[in-house]
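Okay, query26.cif is below, mmCIF, C-alpha atoms and all ligand atoms:
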data_model
#
loop_
_atom_site.label_atom_id
_atom_site.label_comp_id
_atom_site.auth_asym_id
_atom_site.auth_seq_id
_atom_site.Cartn_x
_atom_site.Cartn_y
_atom_site.Cartn_z
CA MET A 1 94.03 80.18 94.96
CA ILE A 2 95.48 78.71 98.16
CA ASP A 3 99.29 78.40 98.07
CA SER A 4 99.68 80.59 95.01
CA ILE A 5 100.88 84.02 93.96
CA ILE A 6 98.24 85.72 91.85
CA THR A 7 99.28 88.42 89.41
CA GLY A 8 96.72 91.21 89.58
CA ASP A 9 95.32 94.25 91.32
CA SER A 10 94.47 93.03 94.82
CA ILE A 11 91.69 95.58 95.15
CA GLU A 12 89.85 93.75 92.35
CA VAL A 13 91.11 90.22 93.01
CA LEU A 14 90.02 90.28 96.66
CA LYS A 15 86.40 90.88 95.63
CA THR A 16 86.36 87.35 94.21
CA PHE A 17 87.54 85.71 97.46
CA PRO A 18 85.12 84.08 99.95
CA ASN A 19 84.13 85.59 103.29
CA GLU A 20 86.16 84.76 106.39
CA PHE A 21 88.66 82.44 104.72
CA ALA A 22 91.94 83.94 105.99
CA HIS A 23 93.48 83.56 109.45
CA ALA A 24 95.71 86.62 109.03
CA ILE A 25 96.65 89.39 106.62
CA ILE A 26 100.29 90.40 106.82
CA SER A 27 101.27 93.00 104.27
CA ASP A 28 103.93 95.57 103.53
CA ILE A 29 101.69 97.99 101.71
CA PRO A 30 102.93 100.84 99.51
CA TYR A 31 103.81 103.75 101.80
CA GLY A 32 102.75 106.43 99.32
CA ILE A 33 106.06 108.28 99.67
CA GLY A 34 108.26 106.90 96.89
CA TYR A 35 108.82 107.58 93.20
CA ASP A 36 107.97 104.11 91.94
CA GLU A 37 104.75 104.02 90.00
CA TRP A 38 103.24 101.49 92.41
CA ASP A 39 103.81 103.83 95.34
CA VAL A 40 102.12 106.98 94.01
CA PHE A 41 98.43 107.40 94.82
CA HIS A 42 98.00 111.12 94.60
CA ASP A 43 96.72 112.94 91.60
CA ASN A 44 99.21 115.73 91.92
CA THR A 45 100.27 117.00 88.53
CA ASN A 46 101.73 120.03 90.20
CA SER A 47 105.14 119.22 91.53
CA ALA A 48 105.22 116.96 94.54
CA LEU A 49 106.76 113.50 94.76
CA GLY A 50 109.52 113.19 92.24
CA GLY A 51 108.67 116.44 90.54
CA THR A 52 110.19 119.88 90.60
CA SER A 53 108.64 123.18 91.45
CA LEU A 54 109.15 126.19 89.20
CA ALA A 55 111.68 127.61 91.64
CA GLN A 56 113.64 124.38 91.55
CA SER A 57 113.68 123.97 87.80
CA ASN A 58 114.83 127.56 87.44
CA GLY A 59 117.94 126.61 89.37
CA GLY A 60 119.38 128.14 92.47
CA THR A 61 118.04 125.61 94.95
CA LEU A 62 119.88 122.74 96.51
CA PHE A 63 117.14 120.17 95.93
CA LYS A 64 116.38 119.45 92.28
CA ARG A 65 113.72 116.90 93.05
CA ARG A 66 111.14 116.99 95.80
CA GLY A 67 111.15 113.86 97.94
CA LYS A 68 108.38 115.16 100.13
CA PRO A 69 106.36 118.30 100.40
CA LEU A 70 108.43 120.84 102.27
CA ASN A 71 107.49 124.11 103.83
CA GLY A 72 104.73 126.00 102.04
CA TRP A 73 102.78 123.12 100.57
CA SER A 74 100.80 123.79 97.47
CA THR A 75 97.10 122.96 97.55
CA ALA A 76 97.82 119.83 95.53
CA ASP A 77 100.58 118.76 97.92
CA LYS A 78 98.28 119.16 100.89
CA LYS A 79 95.83 116.67 99.41
CA ILE A 80 98.39 113.83 99.23
CA PRO A 81 97.82 112.44 102.75
CA LEU A 82 94.04 112.36 102.27
CA GLU A 83 94.43 110.73 98.85
CA TYR A 84 96.54 108.04 100.50
CA GLN A 85 93.83 107.50 103.13
CA GLU A 86 91.20 107.21 100.39
CA TRP A 87 93.34 104.62 98.65
CA CYS A 88 93.57 102.60 101.90
CA ALA A 89 89.80 102.92 102.30
CA SER A 90 89.32 101.45 98.81
CA TRP A 91 90.49 98.02 100.02
CA ALA A 92 90.01 98.07 103.81
CA SER A 93 86.43 96.68 103.82
CA GLU A 94 87.44 93.74 101.63
CA TRP A 95 90.27 92.91 104.00
CA LEU A 96 87.79 92.88 106.87
CA ARG A 97 85.37 90.68 104.94
CA VAL A 98 87.85 87.96 104.03
CA LEU A 99 89.30 87.62 107.55
CA LYS A 100 87.96 85.30 110.19
CA PRO A 101 86.46 86.94 113.30
CA GLY A 102 89.20 87.79 115.78
CA ALA A 103 91.91 87.52 113.09
CA SER A 104 94.89 89.85 113.09
CA CYS A 105 96.11 92.07 110.36
CA PHE A 106 99.66 93.46 110.39
CA VAL A 107 100.31 96.38 108.09
CA PHE A 108 103.69 97.93 107.42
CA ALA A 109 102.91 101.55 106.76
CA GLY A 110 105.45 104.34 106.61
CA ARG A 111 105.84 106.72 109.53
CA ARG A 112 104.61 109.63 107.41
CA TYR A 113 101.12 108.34 106.54
CA ALA A 114 100.57 105.46 108.98
CA HIS A 115 97.89 107.53 110.75
CA ARG A 116 95.92 107.73 107.48
CA CYS A 117 96.01 103.97 107.15
CA ILE A 118 94.82 103.59 110.77
CA VAL A 119 91.83 105.86 110.16
CA ALA A 120 90.87 104.02 106.97
CA LEU A 121 90.98 100.56 108.57
CA GLU A 122 89.28 101.75 111.74
CA ASP A 123 86.48 103.30 109.68
CA ALA A 124 86.13 99.98 107.83
CA GLY A 125 85.45 98.19 111.13
CA PHE A 126 88.86 96.97 112.35
CA THR A 127 90.00 97.49 115.93
CA PHE A 128 93.36 99.23 116.00
CA LYS A 129 95.17 97.10 118.56
CA ASP A 130 98.71 98.46 118.68
CA MET A 131 101.53 100.08 116.81
CA ILE A 132 104.49 97.73 116.99
CA ALA A 133 107.93 99.22 116.42
CA TRP A 134 110.16 97.12 114.20
CA LYS A 135 113.64 98.14 115.30
CA LYS A 136 116.04 97.79 112.39
CA ASN A 137 119.78 97.44 112.62
CA THR A 138 120.48 100.10 110.00
CA ALA A 139 118.77 103.12 108.46
CA PRO A 140 120.09 105.83 106.17
CA HIS A 141 120.44 109.21 107.80
CA ARG A 142 120.53 112.60 106.16
CA ALA A 143 120.34 115.52 108.55
CA GLN A 144 122.31 118.50 107.42
CA ARG A 145 124.31 120.57 109.92
CA ILE A 146 122.82 124.06 109.84
CA SER A 147 126.18 125.53 110.89
CA GLU A 148 127.58 124.28 107.55
CA ILE A 149 125.04 126.36 105.67
CA TYR A 150 126.11 129.46 107.58
CA LYS A 151 129.75 128.61 106.94
CA ARG A 152 129.09 128.41 103.21
CA ARG A 153 127.47 131.82 103.43
CA GLY A 154 130.58 133.12 105.17
CA ASP A 155 128.61 133.83 108.36
CA ILE A 156 131.09 132.50 110.92
CA VAL A 157 129.27 134.09 113.86
CA GLN A 158 126.05 132.16 113.18
CA ALA A 159 128.02 129.04 112.27
CA ASP A 160 129.47 129.07 115.82
CA ASN A 161 126.16 130.04 117.34
CA TRP A 162 124.39 127.02 115.74
CA GLU A 163 127.17 124.47 116.12
CA GLY A 164 125.63 121.03 116.81
CA TRP A 165 122.20 121.88 115.34
CA ARG A 166 120.73 120.02 112.38
CA VAL A 167 117.73 120.17 110.06
CA ALA A 168 115.62 117.24 108.83
CA ASN A 169 114.97 114.09 110.86
CA LEU A 170 116.49 111.84 113.49
CA ARG A 171 117.77 108.49 112.18
CA PRO A 172 114.62 106.49 111.28
CA ILE A 173 115.62 103.30 113.03
CA PHE A 174 112.11 101.97 113.61
CA GLU A 175 109.27 101.26 111.26
CA PRO A 176 105.71 101.05 112.48
CA ILE A 177 103.83 97.80 112.06
CA LEU A 178 100.16 98.53 112.60
CA TRP A 179 98.32 95.72 114.37
CA PHE A 180 94.60 95.54 113.66
CA GLN A 181 92.10 92.91 114.70
CA LYS A 182 88.77 92.00 113.20
CA PRO A 183 86.24 92.16 116.06
CA TYR A 184 85.59 88.73 117.47
CA LYS A 185 82.26 87.04 117.04
CA THR A 186 79.48 88.70 118.99
CA GLY A 187 77.68 86.64 121.60
CA GLY A 188 80.84 84.94 122.85
CA THR A 189 84.11 85.77 124.56
CA ILE A 190 87.54 86.04 122.96
CA ALA A 191 88.31 82.59 124.45
CA ASP A 192 85.27 81.15 122.64
CA ASN A 193 86.38 82.90 119.45
CA VAL A 194 89.84 81.32 119.65
CA LEU A 195 88.32 77.84 119.92
CA GLU A 196 85.89 78.39 117.05
CA PHE A 197 88.18 80.17 114.55
CA ASP A 198 91.72 79.32 115.74
CA VAL A 199 92.62 83.04 115.94
CA GLY A 200 92.41 85.91 118.41
CA ALA A 201 95.32 85.13 120.75
CA TRP A 202 99.07 85.67 120.30
CA ASN A 203 101.93 83.27 120.76
CA GLU A 204 104.82 84.22 123.06
CA ASN A 205 107.06 81.59 121.44
CA ALA A 206 107.20 83.77 118.32
CA LEU A 207 109.07 86.41 120.32
CA LYS A 208 111.36 83.79 121.88
CA THR A 209 112.31 82.42 118.48
CA TYR A 210 112.92 85.58 116.47
CA CYS A 211 113.53 88.57 118.76
CA GLU A 212 116.26 89.93 121.00
CA PRO A 213 116.21 88.70 124.63
CA PHE A 214 115.01 92.07 125.95
CA ASP A 215 111.89 91.99 123.74
CA VAL A 216 111.13 88.46 124.83
CA VAL A 217 111.43 88.96 128.59
CA ASN A 218 109.22 92.02 128.51
CA HIS A 219 106.77 90.84 125.88
CA SER A 220 107.71 94.14 124.38
CA ASN A 221 106.00 95.71 121.42
CA ILE A 222 109.41 96.69 120.09
CA LEU A 223 110.59 93.89 117.82
CA SER A 224 114.33 94.02 117.24
CA VAL A 225 114.86 91.83 114.21
CA PRO A 226 117.90 92.62 112.04
CA TYR A 227 118.30 92.22 108.30
CA ASN A 228 120.39 89.23 107.23
CA LYS A 229 122.60 89.36 104.16
CA CYS A 230 120.04 87.20 102.33
CA ASP A 231 117.26 89.77 102.85
CA HIS A 232 118.31 91.93 99.91
CA GLY A 233 118.28 91.95 96.15
CA LEU A 234 114.80 90.79 95.20
CA HIS A 235 112.68 93.87 95.89
CA ILE A 236 113.48 97.49 96.63
CA THR A 237 111.50 97.27 99.89
CA GLN A 238 112.23 93.64 100.74
CA LYS A 239 111.57 92.82 104.39
CA PRO A 240 113.60 90.39 106.55
CA LEU A 241 112.35 86.83 106.35
CA SER A 242 112.82 86.37 110.13
CA LEU A 243 110.63 89.37 110.83
CA MET A 244 107.84 87.98 108.66
CA LYS A 245 108.21 84.59 110.33
CA CYS A 246 107.91 86.30 113.70
CA LEU A 247 104.64 87.99 112.67
CA VAL A 248 103.24 84.85 111.04
CA SER A 249 103.92 82.74 114.11
CA LEU A 250 102.76 85.46 116.50
CA VAL A 251 99.12 85.21 115.39
CA THR A 252 98.61 81.96 113.47
CA ARG A 253 99.00 78.23 114.06
CA GLU A 254 100.10 75.56 111.59
CA ASN A 255 97.79 75.07 108.57
CA ALA A 256 96.37 78.58 108.89
CA ILE A 257 95.90 80.68 105.74
CA VAL A 258 98.01 83.85 105.54
CA LEU A 259 97.10 86.47 102.95
CA ASP A 260 99.39 89.18 101.55
CA PRO A 261 97.58 91.46 99.06
CA PHE A 262 100.77 93.46 98.27
CA ALA A 263 103.14 90.53 98.05
CA GLY A 264 106.20 92.04 96.34
CA SER A 265 108.88 89.35 96.17
CA GLY A 266 106.79 87.07 98.39
CA THR A 267 108.57 87.37 101.75
CA THR A 268 105.36 86.98 103.80
CA CYS A 269 104.29 83.98 101.72
CA LEU A 270 107.71 82.35 102.03
CA ALA A 271 107.64 82.82 105.81
CA ALA A 272 104.18 81.22 105.91
CA LYS A 273 105.28 78.29 103.75
CA LYS A 274 108.39 77.64 105.84
CA LEU A 275 106.24 77.59 108.98
CA ASN A 276 103.71 75.11 107.52
CA ARG A 277 101.00 77.68 106.95
CA HIS A 278 99.13 78.15 103.69
CA TYR A 279 99.54 81.40 101.81
CA VAL A 280 97.88 83.56 99.18
CA GLY A 281 99.90 86.39 97.67
CA ILE A 282 98.65 89.02 95.23
CA GLU A 283 101.08 91.21 93.31
CA ILE A 284 100.27 93.65 90.54
CA ASN A 285 103.75 93.69 89.00
CA SER A 286 104.29 90.53 86.95
CA ASN A 287 108.09 90.60 87.43
CA TYR A 288 107.80 90.66 91.22
CA ALA A 289 105.06 88.03 91.09
CA GLU A 290 107.38 85.76 89.13
CA ILE A 291 110.24 86.32 91.58
CA ALA A 292 107.88 85.43 94.42
CA ARG A 293 106.79 82.22 92.67
CA LYS A 294 110.40 81.21 92.07
CA ARG A 295 111.23 81.85 95.72
CA LEU A 296 108.31 79.73 96.81
CA GLU A 297 109.36 76.95 94.48
CA TYR A 298 112.86 77.21 95.99
CA LYS A 299 114.35 78.24 92.67
CA VAL A 300 116.16 81.29 94.02
CA PHE A 301 118.56 79.27 96.08
CA THR A 302 121.21 81.84 96.89
CA LEU A 303 118.71 84.36 98.19
CA LEU A 304 116.46 82.10 100.19
CA GLY A 305 117.55 83.15 103.64
CA ASP A 306 117.79 80.79 106.55
C1 LIG B 1 106.18 97.55 99.71
S1 LIG B 1 106.14 96.43 98.41
C2 LIG B 1 106.20 94.83 99.19
C3 LIG B 1 107.57 94.23 99.27
C4 LIG B 1 107.65 92.96 100.11
N1 LIG B 1 107.58 93.28 101.50
C5 LIG B 1 108.90 92.13 99.87
O1 LIG B 1 109.57 91.73 100.85
O2 LIG B 1 109.23 91.86 98.72
C6 LIG B 1 104.50 96.59 97.87
C7 LIG B 1 104.16 95.84 96.61
O3 LIG B 1 102.78 96.06 96.34
C8 LIG B 1 102.59 96.00 94.93
N2 LIG B 1 101.29 96.64 94.63
C9 LIG B 1 101.00 97.96 94.57
N3 LIG B 1 99.69 98.14 94.29
C10 LIG B 1 99.14 96.90 94.20
C11 LIG B 1 97.83 96.41 93.97
N4 LIG B 1 96.80 97.27 93.76
N5 LIG B 1 97.61 95.08 93.96
C12 LIG B 1 98.64 94.22 94.16
N6 LIG B 1 99.92 94.62 94.37
C13 LIG B 1 100.17 95.93 94.40
C14 LIG B 1 103.81 96.70 94.37
O4 LIG B 1 104.07 96.30 93.03
C15 LIG B 1 104.90 96.26 95.37
O5 LIG B 1 105.64 95.16 94.86
#
Could you take the file, read its structure, and then write that structure out as structure tokens?
Amino acid sequence: MIDSIITGDSIEVLKTFPNEFAHAIISDIPYGIGYDEWDVFHDNTNSALGGTSLAQSNGGTLFKRRGKPLNGWSTADKKIPLEYQEWCASWASEWLRVLKPGASCFVFAGRRYAHRCIVALEDAGFTFKDMIAWKKNTAPHRAQRISEIYKRRGDIVQADNWEGWRVANLRPIFEPILWFQKPYKTGGTIADNVLEFDVGAWNENALKTYCEPFDVVNHSNILSVPYNKCDHGLHITQKPLSLMKCLVSLVTRENAIVLDPFAGSGTTCLAAKKLNRHYVGIEINSNYAEIARKRLEYKVFTLLGD
């Protein structure tokens, strides 16, 4: 299983893996906020993600499809965050089991439900070490001017009164990367743990190699790593190769084993391979698994990245 992409459900596949074999888990898990089948973990037959409420389908509203539960959640909508947490809990203990003591685990989780992921992994026995901010160079922004709504209604007084005010969010220019650590071996210090298992410390050279000068000088937990033009086209949520290399080299040394249970197009695994680490990727979607394999065999030349 070392240096391969396995097609399957990682929740099941991981049960067959040995204890304490991996030096790190680095994974961009489903955020539970999208419409893709692999990103939906709630059992909401009512109307939430991707659906329409009765009011919407009867017309008259601006939004035909609900991207996220808005004001006045239904009972089913309200359960979605907890259902996401329960899904995280369904694999968190296996992640802990397969990691070496003191090993790190980086999880990309969306801003909306990251807290649910933290609770699930903490309950499973991980230490929540930090929330790193990955600062992107671009992010789509949709925040409607409320004055425009009043203008459309013909209410010029309120349009003036609310000039400069918007609804919805600020530009989401950072994504959280949750940093967990498996507790180091009892009876010793972290320094002993590093010598015995080769994990538990972090490498400042990773910042020097992949991040902006400001992050490096300050050992900042804001990682400014931009997308390159090669970081697109293989997966809808493809992450920058440089960012994954930064994370791989931050917590592992050469020959370490890096595991990604939600491998997508294999960006984590490719970063590990390029840095002379071993990798194991698990991906439930056979098309993505095949793309990942091709990337790792260097058969997707034009999209390889650096
Ligand atoms: C956010 S994407 C990862 C994309 C990746 N960062 C990349 O650069 O290509 C998460 C992936 O997890 C996969 N997935 C969802 N549930 C899974 C499961 N139970 N086992 C394995 N893979 C799963 C999805 O098919 C999806 O490709």
Counting all atoms listed in the file, what are the residues, protein, DNA or RNA alike, that approach ligand LIG 1 (chain B) to within 9 Å? I want them as a ChimeraX atom specification. /A:6-13,27-31,36-39,91,108-109,231-232,234-241,244,260-268,281-289,292
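Interatomic distance, CA of Asn203 in chain A against CA of Val216 in chain A: 11.3 Å.
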Q. Which residues come within 9 Å of Pro140 in chain A, counting all atoms listed in the file, excluding same-chain residues fewer than 4 positions away, as an MDAnalysis selection string?
A. chainID A and resid 171:173
The distance between CA of Asp3 in chain A and CA of Cys269 in chain A is 8.3 Å
| task | Find the residues near range 204-206 of chain A: any atom within 9 Å, counting all atoms listed in the file, skip ones fewer than 4 places away on the same chain, and give them as a list in words. | result |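 The residues that qualify are Tyr210, Cys211, Val216, His219, Lys245, Cys246, Leu247, Val248, Ser249, Leu250 and Val251 of chain A.
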